[in-house]
Each structure stands twice: as structure tokens, then as C-alpha cells.
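Okay, protein.cif is below, mmCIF, C-alpha atoms:
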```
data_protein
loop_
_atom_site.label_atom_id
_atom_site.label_comp_id
_atom_site.auth_asym_id
_atom_site.auth_seq_id
_atom_site.Cartn_x
_atom_site.Cartn_y
_atom_site.Cartn_z
CA MET A 96 0.00 0.00 0.00
CA ALA A 97 1.39 3.39 -0.98
CA HIS A 98 2.03 5.84 1.84
CA PHE A 99 1.37 9.32 0.52
CA ARG A 100 2.75 12.45 2.08
CA PRO A 101 0.16 15.13 2.92
CA SER A 102 1.49 17.31 0.10
CA GLU A 103 1.09 14.42 -2.32
CA ARG A 104 -2.52 14.04 -1.25
CA ILE A 105 -3.02 17.66 -2.27
CA CYS A 106 -1.75 16.74 -5.73
CA LEU A 107 -3.92 13.63 -5.94
CA ALA A 108 -6.99 15.66 -4.98
CA TYR A 109 -6.19 18.43 -7.44
CA PHE A 110 -5.74 16.12 -10.41
CA LEU A 111 -8.91 14.27 -9.48
CA TYR A 112 -10.59 17.68 -9.55
CA THR A 113 -9.25 18.52 -13.01
CA ALA A 114 -10.50 15.17 -14.30
CA ALA A 115 -13.97 16.07 -12.98
CA VAL A 116 -13.82 19.56 -14.48
CA ALA A 117 -12.83 18.12 -17.86
CA ALA A 118 -15.77 15.72 -17.67
CA VAL A 119 -18.35 18.52 -17.41
CA ARG A 120 -16.63 21.41 -19.20
CA PRO A 121 -17.59 21.77 -22.89
CA VAL A 122 -14.11 21.13 -24.25
CA PRO A 123 -13.33 19.09 -27.39
CA PRO A 124 -13.20 15.31 -26.80
CA HIS A 125 -9.48 15.13 -27.59
CA VAL A 126 -8.75 17.75 -24.91
CA ARG A 127 -10.79 15.82 -22.38
CA LEU A 128 -8.88 12.66 -23.25
CA GLU A 129 -5.51 14.43 -22.96
CA ILE A 130 -6.42 15.70 -19.49
CA TRP A 131 -7.57 12.29 -18.33
CA LEU A 132 -4.40 10.66 -19.67
CA ALA A 133 -2.24 13.29 -17.97
CA ASP A 134 -4.14 12.84 -14.70
CA THR A 135 -3.72 9.07 -14.89
CA ALA A 136 0.01 9.46 -15.49
CA VAL A 137 0.31 11.79 -12.49
CA TRP A 138 -1.60 9.42 -10.21
CA ALA A 139 0.52 6.48 -11.37
CA ALA A 140 3.76 8.39 -10.83
CA LEU A 141 2.74 9.51 -7.33
CA TRP A 142 1.66 5.97 -6.49
CA ALA A 143 5.00 4.58 -7.67
CA LEU A 144 7.03 7.14 -5.73
CA ALA A 145 5.00 6.49 -2.57
CA SER A 146 5.32 2.70 -2.89
CA PRO A 147 7.07 0.95 0.04
CA ARG A 148 9.35 -0.74 -2.48
CA MET A 149 10.88 2.64 -3.27
CA ALA A 150 11.29 3.74 0.35
CA GLY A 151 14.89 2.55 0.69
CA HIS A 152 16.21 3.96 -2.57
CA ARG A 153 17.93 7.31 -2.17
CA VAL A 154 17.66 8.24 -5.84
CA TRP A 155 13.90 7.68 -5.81
CA ALA A 156 13.64 9.65 -2.56
CA VAL A 157 15.35 12.62 -4.20
CA ILE A 158 13.10 12.35 -7.27
CA ARG A 159 10.11 12.25 -4.93
CA ASP A 160 11.30 15.45 -3.26
CA TRP A 161 11.51 17.34 -6.55
CA PHE A 162 8.62 15.78 -8.45
CA PRO A 163 5.90 18.17 -7.15
CA LEU A 164 7.63 21.04 -8.96
CA ALA A 165 6.87 19.37 -12.27
CA LEU A 166 3.26 18.92 -11.21
CA ILE A 167 2.85 22.69 -10.76
CA LEU A 168 3.72 23.13 -14.43
CA VAL A 169 1.41 20.29 -15.49
CA ALA A 170 -1.44 21.79 -13.44
CA TYR A 171 -0.95 25.19 -15.07
CA ARG A 172 -0.83 23.83 -18.60
CA GLN A 173 -3.93 21.71 -18.05
CA MET A 174 -5.97 24.79 -17.24
CA GLY A 175 -4.79 26.29 -20.51
CA TRP A 176 -6.02 23.24 -22.40
CA MET A 177 -9.50 23.77 -20.98
CA ALA A 178 -9.73 27.46 -21.84
CA LEU A 179 -12.90 28.57 -23.65
CA PRO A 180 -13.72 31.83 -25.48
CA HIS A 181 -14.60 34.60 -23.03
CA GLU A 182 -18.18 35.75 -23.49
CA ASN A 183 -17.75 39.20 -21.92
CA ARG A 184 -15.38 41.51 -20.05
CA ASN A 185 -17.48 41.98 -16.91
CA PHE A 186 -14.73 40.89 -14.54
CA GLU A 187 -12.04 43.01 -16.17
CA ASN A 188 -14.22 46.13 -16.39
CA PHE A 189 -14.97 45.83 -12.68
CA TRP A 190 -11.43 45.06 -11.57
CA ILE A 191 -9.77 47.91 -13.48
CA GLY A 192 -11.23 50.49 -11.10
CA LEU A 193 -8.97 49.44 -8.21
CA ASP A 194 -5.91 49.50 -10.45
CA ARG A 195 -6.54 53.03 -11.62
CA PHE A 196 -7.17 54.19 -8.08
CA LEU A 197 -3.79 52.75 -7.03
CA PHE A 198 -1.97 54.05 -10.09
CA TYR A 199 -3.29 57.60 -10.18
CA ASP A 200 -5.23 58.55 -7.04
CA ALA A 201 -2.74 56.83 -4.72
CA GLY A 202 0.24 57.84 -6.88
CA LEU A 203 1.74 54.36 -7.32
CA LYS A 204 2.69 54.80 -10.97
CA ASN A 205 4.49 58.09 -10.42
CA ALA A 206 6.31 56.68 -7.39
CA LEU A 207 7.58 53.66 -9.29
CA GLU A 208 8.72 55.78 -12.21
CA PHE A 209 10.27 58.59 -10.13
CA PHE A 210 13.83 57.28 -10.69
CA GLY A 211 13.32 56.57 -14.36
CA PRO A 212 13.77 52.98 -15.57
CA LEU A 213 15.49 51.77 -12.37
CA LEU A 214 12.49 50.45 -10.43
CA PRO A 215 10.49 49.30 -13.49
CA ASN A 216 13.46 47.18 -14.59
CA LEU A 217 13.90 45.80 -11.08
CA LEU A 218 10.24 44.81 -11.08
CA GLU A 219 10.53 43.13 -14.48
CA LEU A 220 13.57 41.19 -13.26
CA SER A 221 11.69 40.15 -10.14
CA TYR A 222 8.73 39.01 -12.25
CA LEU A 223 11.10 36.88 -14.33
CA LEU A 224 12.50 35.23 -11.20
CA VAL A 225 9.09 33.89 -10.16
CA TYR A 226 9.61 30.92 -12.47
CA VAL A 227 12.63 29.70 -10.50
CA MET A 228 11.37 30.68 -7.06
CA PRO A 229 9.81 27.28 -6.16
CA VAL A 230 12.92 25.47 -7.42
CA THR A 231 15.13 27.79 -5.39
CA ALA A 232 12.97 27.26 -2.31
CA VAL A 233 13.41 23.48 -2.52
CA ALA A 234 17.15 23.96 -3.10
CA VAL A 235 17.34 26.09 0.05
CA PHE A 236 15.78 23.30 2.10
CA TYR A 237 18.31 20.88 0.65
CA ALA A 238 21.22 23.24 1.34
CA ALA A 239 20.01 23.69 4.91
CA GLY A 240 19.92 19.92 5.44
CA ALA A 241 16.18 20.10 6.08
CA ARG A 242 14.73 17.64 3.57
CA GLU A 243 12.41 16.32 6.26
CA ARG A 244 10.62 19.70 6.28
CA LEU A 245 9.98 19.71 2.54
CA ASP A 246 6.58 18.07 2.83
CA ALA A 247 5.38 20.86 5.11
CA ALA A 248 6.80 23.42 2.68
CA TYR A 249 5.00 21.76 -0.21
CA GLN A 250 1.75 21.82 1.74
CA ILE A 251 2.01 25.61 1.68
CA ILE A 252 3.35 26.01 -1.87
CA LEU A 253 1.08 23.45 -3.54
CA GLY A 254 -1.89 24.40 -1.40
CA ALA A 255 -1.70 28.03 -2.52
CA THR A 256 -0.72 27.53 -6.14
CA LEU A 257 -3.03 24.64 -7.01
CA ALA A 258 -5.96 26.25 -5.19
CA SER A 259 -5.43 29.34 -7.35
CA TYR A 260 -5.46 27.26 -10.52
CA ALA A 261 -8.58 25.42 -9.31
CA LEU A 262 -10.52 28.71 -9.33
CA TYR A 263 -9.61 29.64 -12.90
CA PRO A 264 -12.67 28.03 -14.59
CA TYR A 265 -15.00 30.28 -12.56
CA PHE A 266 -13.33 33.63 -13.38
CA PRO A 267 -12.74 33.68 -17.14
CA SER A 268 -10.58 36.73 -17.81
CA GLU A 269 -7.58 38.11 -19.65
CA PRO A 270 -4.72 40.25 -18.28
CA PRO A 271 -5.13 44.04 -18.29
CA ARG A 272 -2.44 44.50 -20.95
CA ALA A 273 -4.64 42.47 -23.34
CA VAL A 274 -8.03 43.96 -22.42
CA PHE A 275 -6.81 47.57 -22.15
CA PRO A 276 -3.84 47.54 -24.56
CA SER A 277 -3.47 51.31 -24.77
CA ASP A 278 -3.95 52.16 -21.09
CA ASP A 279 -1.63 52.29 -18.08
CA LEU A 280 1.24 50.38 -19.71
CA PRO A 281 4.84 50.84 -18.53
CA ALA A 282 7.64 51.70 -20.94
CA MET A 283 9.07 48.85 -22.98
CA SER A 284 12.48 47.49 -21.99
CA ALA A 285 14.56 44.45 -22.84
CA LEU A 286 13.45 42.69 -19.66
CA ARG A 287 9.81 43.48 -20.30
CA ALA A 288 10.08 42.28 -23.89
CA PHE A 289 11.58 39.00 -22.62
CA ASN A 290 8.79 38.54 -20.08
CA LEU A 291 6.16 39.19 -22.74
CA LYS A 292 7.84 36.69 -25.04
CA ILE A 293 7.70 33.99 -22.36
CA LEU A 294 4.04 34.71 -21.68
CA GLY A 295 3.26 34.72 -25.38
CA ALA A 296 4.79 31.28 -25.78
CA TYR A 297 3.71 29.60 -22.54
CA GLY A 298 0.87 31.66 -21.03
CA ILE A 299 -2.68 30.36 -20.86
CA HIS A 300 -5.93 32.13 -21.70
CA MET A 301 -8.38 30.85 -19.11
CA SER A 302 -8.13 33.30 -16.23
CA VAL A 303 -5.91 35.70 -14.32
CA PHE A 304 -7.77 35.40 -11.00
CA PRO A 305 -6.25 34.60 -8.57
CA SER A 306 -2.69 35.41 -9.57
CA GLY A 307 -0.71 32.17 -9.65
CA HIS A 308 2.47 34.24 -9.68
CA ALA A 309 1.58 35.94 -6.41
CA ALA A 310 0.33 32.72 -4.83
CA ALA A 311 3.53 30.85 -5.72
CA ALA A 312 5.84 33.70 -4.70
CA PHE A 313 4.26 34.38 -1.32
CA SER A 314 3.76 30.69 -0.50
CA CYS A 315 7.46 30.04 -1.16
CA ALA A 316 8.36 32.99 1.07
CA PHE A 317 6.04 31.84 3.85
CA ALA A 318 7.39 28.28 3.65
CA VAL A 319 11.02 29.37 3.93
CA ARG A 320 10.34 31.90 6.70
CA ARG A 321 8.21 29.55 8.78
CA LEU A 322 10.00 26.25 8.32
CA LEU A 323 13.60 27.47 8.27
CA PRO A 324 13.61 29.89 11.22
CA GLU A 325 17.33 29.32 11.70
CA HIS A 326 17.95 30.89 8.28
CA ARG A 327 16.22 34.23 8.70
CA PRO A 328 18.13 36.08 5.94
CA ALA A 329 16.86 33.56 3.37
CA GLY A 330 13.30 34.05 4.59
CA ARG A 331 13.59 37.82 4.40
CA LEU A 332 15.06 37.66 0.89
CA PHE A 333 12.24 35.40 -0.30
CA LEU A 334 9.63 37.70 1.21
CA LEU A 335 11.22 40.80 -0.37
CA LEU A 336 11.23 39.07 -3.75
CA ALA A 337 7.58 38.05 -3.31
CA VAL A 338 6.60 41.66 -2.60
CA LEU A 339 8.50 42.87 -5.67
CA ILE A 340 6.81 40.19 -7.80
CA ALA A 341 3.41 41.23 -6.49
CA VAL A 342 4.05 44.86 -7.39
CA ALA A 343 5.46 43.81 -10.77
CA THR A 344 2.34 41.83 -11.66
CA VAL A 345 0.21 44.95 -11.28
CA TYR A 346 2.60 47.61 -12.57
CA GLY A 347 3.51 45.52 -15.62
CA ARG A 348 -0.20 44.92 -16.33
CA TYR A 349 0.28 41.18 -16.10
CA HIS A 350 -2.50 41.04 -13.52
CA PHE A 351 -5.14 43.24 -11.98
CA ALA A 352 -4.50 44.31 -8.40
CA ILE A 353 -7.40 42.15 -7.19
CA ASP A 354 -5.74 39.09 -8.78
CA THR A 355 -2.56 39.71 -6.86
CA LEU A 356 -4.38 40.31 -3.58
CA ALA A 357 -6.28 37.06 -4.11
CA GLY A 358 -3.00 35.23 -4.76
CA LEU A 359 -1.62 36.60 -1.50
CA ALA A 360 -4.79 35.47 0.27
CA MET A 361 -4.33 31.96 -1.14
CA ALA A 362 -0.80 31.84 0.24
CA CYS A 363 -1.98 33.06 3.65
CA MET A 364 -4.73 30.44 3.77
CA ALA A 365 -2.37 27.65 2.72
CA ALA A 366 0.11 28.66 5.42
CA ALA A 367 -2.68 28.76 8.01
CA ALA A 368 -3.94 25.34 6.90
CA GLN A 369 -0.45 23.87 7.24
CA ARG A 370 -0.10 25.30 10.74
CA LEU A 371 -3.51 23.93 11.77
CA ARG A 372 -2.64 20.50 10.43
CA LYS A 373 0.67 20.53 12.29
CA ALA A 374 -1.07 21.53 15.51
CA ARG A 375 -3.69 18.81 15.06
CA VAL A 376 -1.12 16.10 14.31
CA GLY A 377 1.13 17.30 17.08
CA GLY A 378 -1.80 17.27 19.48
#
```
Show me, as C-alpha cells, the structure contained in the file I just sent.
Amino acid sequence: MAHFRPSERICLAYFLYTAAVAAVRPVPPHVRLEIWLADTAVWAALWALASPRMAGHRVWAVIRDWFPLALILVAYRQMGWMALPHENRNFENFWIGLDRFLFYDAGLKNALEFFGPLLPNLLELSYLLVYVMPVTAVAVFYAAGARERLDAAYQIILGATLASYALYPYFPSEPPRAVFPSDDLPAMSALRAFNLKILGAYGIHMSVFPSGHAAAAFSCAFAVRRLLPEHRPAGRLFLLLAVLIAVATVYGRYHFAIDTLAGLAMACMAAAAQRLRKARVGG
């Protein structure tokens, strides 16, 4: 009998959920089949890695530690496969009001551009680093000799990120740069052009709410800060990067402000859930 870690149960539940969504969502039959095949492959891989026969093999243990990172990418791409044409812009037209209040009434745009291209380029660089942030977080646990805490870290990271993806079917939307292409955009730079190229090649068109970038960034920061208290500088650095990423998502028009706030909320809830589970198990 396979013995799944709590974080692996989160993955099993999520990919069971996507199989159910694919069953009822009006997607082409070949897309539905692709999702079901991908889900089956994920379940089989998790089952194999959690098998008692693999427990004594160090190589398999290391693969098991890193495997959830690949599942984040699979989960994201699956939602893109199930994207449907957006019937209206009701969400975007409502959400843009908060952005413009922050940009102009609260003075955020002028503040970020006060020193010219310095802060905008820093934000674009930070946004680019979100893709390696979960990998770096796992590497930090390895470097700290704290592999045994990785499952708790994954409970936070996967809980926040996969929960964000799970909400995408209910908030069909496009990023503000696509819906309002002539409004509020920052100046173009090499870093921004590179970010846009990545999104053009690998982005999905189902939803931007909640922000998966913000959820992943803050959940990684919370995991490192909470579970590696003996390495406070690393926790502070992760949190600073998460804040910069959150600002970058809004300033760069990759997300609406409400998306980013929702992503932060997902990370907070995942961290709270992990703490409650630890208290319950410890009790």
C-alpha cells in the first residue's frame, strides 16, 4: 500500500478535480482525453514514488522530493487546455477600477517611475524570477539539510498555487495589458520584452484570478520563513522578492490588483492550513 505524504494528497486531490472539471466542461473530446491521460500518469507516478518498495532507494527519494515542482507546471498547462472563449469583459471592467485608483489617485505609478527605468526594470527582473522561485525554495531546504521539512513546505506552496489554478474556470478573464492595450502600460524594456515573449509562448488564456504568480511567490516565502527559522536572511530575501513580484504583476499589467491580492490570500490560507494541520497532528 502506498504511503502518501500530505502534500502528495493535495496533488492527488487536485488532479482528481481537473478530471472532474474536464468531464463537465464543454471542451473538445481530444482535450478531455488528454487531461484524463495526464491525470492518470500523475496518479501512477505519485503511487509509484509512494510505494514501500521505493522507500529505501535514495535516488527515488530525491526524485520524490523534486517531483511536485513538475506537477505545478502540469497543473498550469492543463488549465490552458481547458480554456474557452470569453463571453464578456465583466470581470475586467470591474477590476480595473482598483488599479486606476492605485496608479493615479494613490500615486503608485508616479512613485515607481520617479527614478526613471530603475524600479520598473527591477520589477521586471523580479517578475522573471518567479519561475525559478519554487525550485530555489526546494534547493534552500536541501542546502540547509532540512529535507524532512519539505513536505510541510509543499503543503504551503502546492496548497496556494493549485488552489489558485482550481478557481480559474470560474473567473474567465484576460490580463489588463490584453483587455486595455493602450492604457496604463509601462515603458518597454529588454526585460519586459523578454517577459512578454515567455508569456506569449507559454501563457494560458483561461483566467488571471487569482494570480498564480503571487500565490507561488508568497507561498514560497512563507514556507522558507516559517520552516527554516534558523535561516532568517533567506526568509527575508524570499519575502522581499515576493513583494516585488506582487508589485510587478500589477505595474507591468500582467494582472489586476485584485488578482494579486487574491493570490496573496491563497498563500496566507495555505500557510494557516499547514499550521492547523501541524497543531492537530502534534496534538
Q: For the structure provided, state which residues fall under the PyMOL selection byres ((chain A and resi 347) around 10), and present them as a VMD selection string.
A: chain A and resid 215 218 to 219 222 271 to 272 279 to 283 287 290 to 291 342 to 346 348 to 351
Q: Calculate how many Å separate CA of His308 (chain A) from CA of Leu332 (chain A), rounding to one decimal.
A: 16.8 Å
Q | Proximity to Ala261 (chain A) - best of A:Pro124, A:Gly307, A:Pro147, A:Gly192, all atoms listed in the file | A | A:Gly307
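The residues returned by the PyMOL selection byres ((chain A and resi 107-123) around 9) for this structure are A:Ser102, A:Glu103, A:Arg104, A:Ile105, A:Cys106, A:Pro124, A:His125, A:Val126, A:Arg127, A:Leu128, A:Ile130, A:Trp131, A:Ala133, A:Asp134, A:Thr135, A:Val137, A:Trp138, A:Leu141, A:Ala170, A:Gln173, A:Met174, A:Trp176, A:Met177, A:Ala178, A:Leu179, A:Leu257, A:Ala258, A:Ala261, A:Pro264.
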(Q) Please report the interatomic distance between CA of Glu208 (chain A) and CA of Leu224 (chain A) in Å with one decimal. (A)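 Computed distance, CA of Glu208 (chain A) to CA of Leu224 (chain A), equals 20.9 Å.
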Q: Determine the nearest neighbour of Pro270 (chain A) from the options A:Ala139, A:Ala165, A:Val319, A:Ile299, counting all atoms listed in the file.
A: A:Ile299
Q: Find the residues near region 357-369 of chain A: any atom within 8 Å, counting all atoms listed in the file, skip ones fewer than 6 places away on the same chain, and give them as JSON, numbers by chain.
A: {"A": [247, 250, 251, 252, 254, 255, 256, 258, 259, 304, 305, 306, 307, 308, 309, 310, 311, 313, 314, 317, 318]}
Q: Record the distance separating CA of Trp142 (chain A) and CA of Met96 (chain A), expressed in Å with one decimal.
A: 9.0 Å
Q) Neighbours of Trp190 (chain A) within 9 Å (only C-alpha atoms; same-chain residues fewer than 5 positions away dropped), as a ChimeraX atom specification? A) /A:185,351-354
Q: Excluding Phe266 (chain A) and any residue of its chain fewer than 4 positions from it, enumerate the residues within 10 Å of it, using only C-alpha atoms, and give them as a PyMOL selection string.
A: chain A and resi 181+185-187+262+301-305
Q) Written as a ChimeraX atom specification, what is the full residue list that the PyMOL selection byres ((chain A and resi 333) around 9) yields on the file shown? A) /A:228,232,312-313,315-317,319-320,328-332,334-338
Q: Please determine the residues with any atom at most 12 Å from (-2.6, 56.9, -12.6) (coordinates as given in the file, with all atoms listed in the file counting) and report them as a list of chain:residue names.
A: A:Ile191, A:Gly192, A:Leu193, A:Asp194, A:Arg195, A:Phe196, A:Leu197, A:Phe198, A:Tyr199, A:Asp200, A:Ala201, A:Gly202, A:Leu203, A:Lys204, A:Asn205, A:Ala206, A:Leu207, A:Glu208, A:Asp278, A:Asp279, A:Leu280, A:Pro281, A:Tyr346
Quick one: region 143-168 of chain A with N, CA and C atoms, as a PDB file, keeping the file's coordinate frame?
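In the end it all went to rebuild_34.pdb:
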```pdb
ATOM      1  N   ALA A 143       3.711   5.272  -7.595  1.00  0.00           N
ATOM      2  CA  ALA A 143       5.000   4.580  -7.670  1.00  0.00           C
ATOM      3  C   ALA A 143       6.007   5.166  -6.694  1.00  0.00           C
ATOM      4  N   LEU A 144       6.065   6.487  -6.625  1.00  0.00           N
ATOM      5  CA  LEU A 144       7.030   7.140  -5.730  1.00  0.00           C
ATOM      6  C   LEU A 144       6.710   6.898  -4.262  1.00  0.00           C
ATOM      7  N   ALA A 145       5.410   6.708  -3.960  1.00  0.00           N
ATOM      8  CA  ALA A 145       5.000   6.490  -2.570  1.00  0.00           C
ATOM      9  C   ALA A 145       4.982   5.002  -2.202  1.00  0.00           C
ATOM     10  N   SER A 146       5.332   4.140  -3.142  1.00  0.00           N
ATOM     11  CA  SER A 146       5.320   2.700  -2.890  1.00  0.00           C
ATOM     12  C   SER A 146       6.375   2.314  -1.862  1.00  0.00           C
ATOM     13  N   PRO A 147       6.068   1.404  -0.953  1.00  0.00           N
ATOM     14  CA  PRO A 147       7.070   0.950   0.040  1.00  0.00           C
ATOM     15  C   PRO A 147       8.321   0.376  -0.611  1.00  0.00           C
ATOM     16  N   ARG A 148       8.192  -0.170  -1.798  1.00  0.00           N
ATOM     17  CA  ARG A 148       9.350  -0.740  -2.480  1.00  0.00           C
ATOM     18  C   ARG A 148      10.391   0.311  -2.827  1.00  0.00           C
ATOM     19  N   MET A 149       9.962   1.563  -2.926  1.00  0.00           N
ATOM     20  CA  MET A 149      10.880   2.640  -3.270  1.00  0.00           C
ATOM     21  C   MET A 149      11.449   3.339  -2.043  1.00  0.00           C
ATOM     22  N   ALA A 150      10.950   2.987  -0.867  1.00  0.00           N
ATOM     23  CA  ALA A 150      11.290   3.740   0.350  1.00  0.00           C
ATOM     24  C   ALA A 150      12.789   3.727   0.645  1.00  0.00           C
ATOM     25  N   GLY A 151      13.476   2.638   0.331  1.00  0.00           N
ATOM     26  CA  GLY A 151      14.890   2.550   0.690  1.00  0.00           C
ATOM     27  C   GLY A 151      15.842   3.025  -0.373  1.00  0.00           C
ATOM     28  N   HIS A 152      15.355   3.532  -1.472  1.00  0.00           N
ATOM     29  CA  HIS A 152      16.210   3.960  -2.570  1.00  0.00           C
ATOM     30  C   HIS A 152      16.414   5.466  -2.522  1.00  0.00           C
ATOM     31  N   ARG A 153      17.643   5.884  -2.328  1.00  0.00           N
ATOM     32  CA  ARG A 153      17.930   7.310  -2.170  1.00  0.00           C
ATOM     33  C   ARG A 153      17.603   8.099  -3.439  1.00  0.00           C
ATOM     34  N   VAL A 154      17.927   7.520  -4.595  1.00  0.00           N
ATOM     35  CA  VAL A 154      17.660   8.240  -5.840  1.00  0.00           C
ATOM     36  C   VAL A 154      16.176   8.507  -5.996  1.00  0.00           C
ATOM     37  N   TRP A 155      15.334   7.499  -5.700  1.00  0.00           N
ATOM     38  CA  TRP A 155      13.900   7.680  -5.810  1.00  0.00           C
ATOM     39  C   TRP A 155      13.396   8.682  -4.780  1.00  0.00           C
ATOM     40  N   ALA A 156      14.039   8.688  -3.597  1.00  0.00           N
ATOM     41  CA  ALA A 156      13.640   9.650  -2.560  1.00  0.00           C
ATOM     42  C   ALA A 156      13.893  11.080  -3.025  1.00  0.00           C
ATOM     43  N   VAL A 157      15.032  11.282  -3.690  1.00  0.00           N
ATOM     44  CA  VAL A 157      15.350  12.620  -4.200  1.00  0.00           C
ATOM     45  C   VAL A 157      14.370  13.009  -5.311  1.00  0.00           C
ATOM     46  N   ILE A 158      14.083  12.075  -6.212  1.00  0.00           N
ATOM     47  CA  ILE A 158      13.100  12.350  -7.270  1.00  0.00           C
ATOM     48  C   ILE A 158      11.755  12.710  -6.656  1.00  0.00           C
ATOM     49  N   ARG A 159      11.393  11.984  -5.599  1.00  0.00           N
ATOM     50  CA  ARG A 159      10.110  12.250  -4.930  1.00  0.00           C
ATOM     51  C   ARG A 159      10.097  13.656  -4.339  1.00  0.00           C
ATOM     52  N   ASP A 160      11.225  14.106  -3.834  1.00  0.00           N
ATOM     53  CA  ASP A 160      11.300  15.450  -3.260  1.00  0.00           C
ATOM     54  C   ASP A 160      11.080  16.540  -4.311  1.00  0.00           C
ATOM     55  N   TRP A 161      11.561  16.316  -5.516  1.00  0.00           N
ATOM     56  CA  TRP A 161      11.510  17.340  -6.550  1.00  0.00           C
ATOM     57  C   TRP A 161      10.319  17.206  -7.489  1.00  0.00           C
ATOM     58  N   PHE A 162       9.692  16.057  -7.498  1.00  0.00           N
ATOM     59  CA  PHE A 162       8.620  15.780  -8.450  1.00  0.00           C
ATOM     60  C   PHE A 162       7.459  16.768  -8.369  1.00  0.00           C
ATOM     61  N   PRO A 163       7.025  17.220  -7.193  1.00  0.00           N
ATOM     62  CA  PRO A 163       5.900  18.170  -7.150  1.00  0.00           C
ATOM     63  C   PRO A 163       6.126  19.449  -7.947  1.00  0.00           C
ATOM     64  N   LEU A 164       7.374  19.843  -8.155  1.00  0.00           N
ATOM     65  CA  LEU A 164       7.630  21.040  -8.960  1.00  0.00           C
ATOM     66  C   LEU A 164       7.153  20.852 -10.385  1.00  0.00           C
ATOM     67  N   ALA A 165       7.349  19.655 -10.921  1.00  0.00           N
ATOM     68  CA  ALA A 165       6.870  19.370 -12.270  1.00  0.00           C
ATOM     69  C   ALA A 165       5.352  19.383 -12.318  1.00  0.00           C
ATOM     70  N   LEU A 166       4.717  18.973 -11.233  1.00  0.00           N
ATOM     71  CA  LEU A 166       3.260  18.920 -11.210  1.00  0.00           C
ATOM     72  C   LEU A 166       2.641  20.317 -11.225  1.00  0.00           C
ATOM     73  N   ILE A 167       3.344  21.312 -10.683  1.00  0.00           N
ATOM     74  CA  ILE A 167       2.850  22.690 -10.760  1.00  0.00           C
ATOM     75  C   ILE A 167       2.736  23.115 -12.220  1.00  0.00           C
ATOM     76  N   LEU A 168       3.744  22.776 -13.006  1.00  0.00           N
ATOM     77  CA  LEU A 168       3.720  23.130 -14.430  1.00  0.00           C
ATOM     78  C   LEU A 168       2.617  22.372 -15.158  1.00  0.00           C
TER      79      LEU A 168
END
```
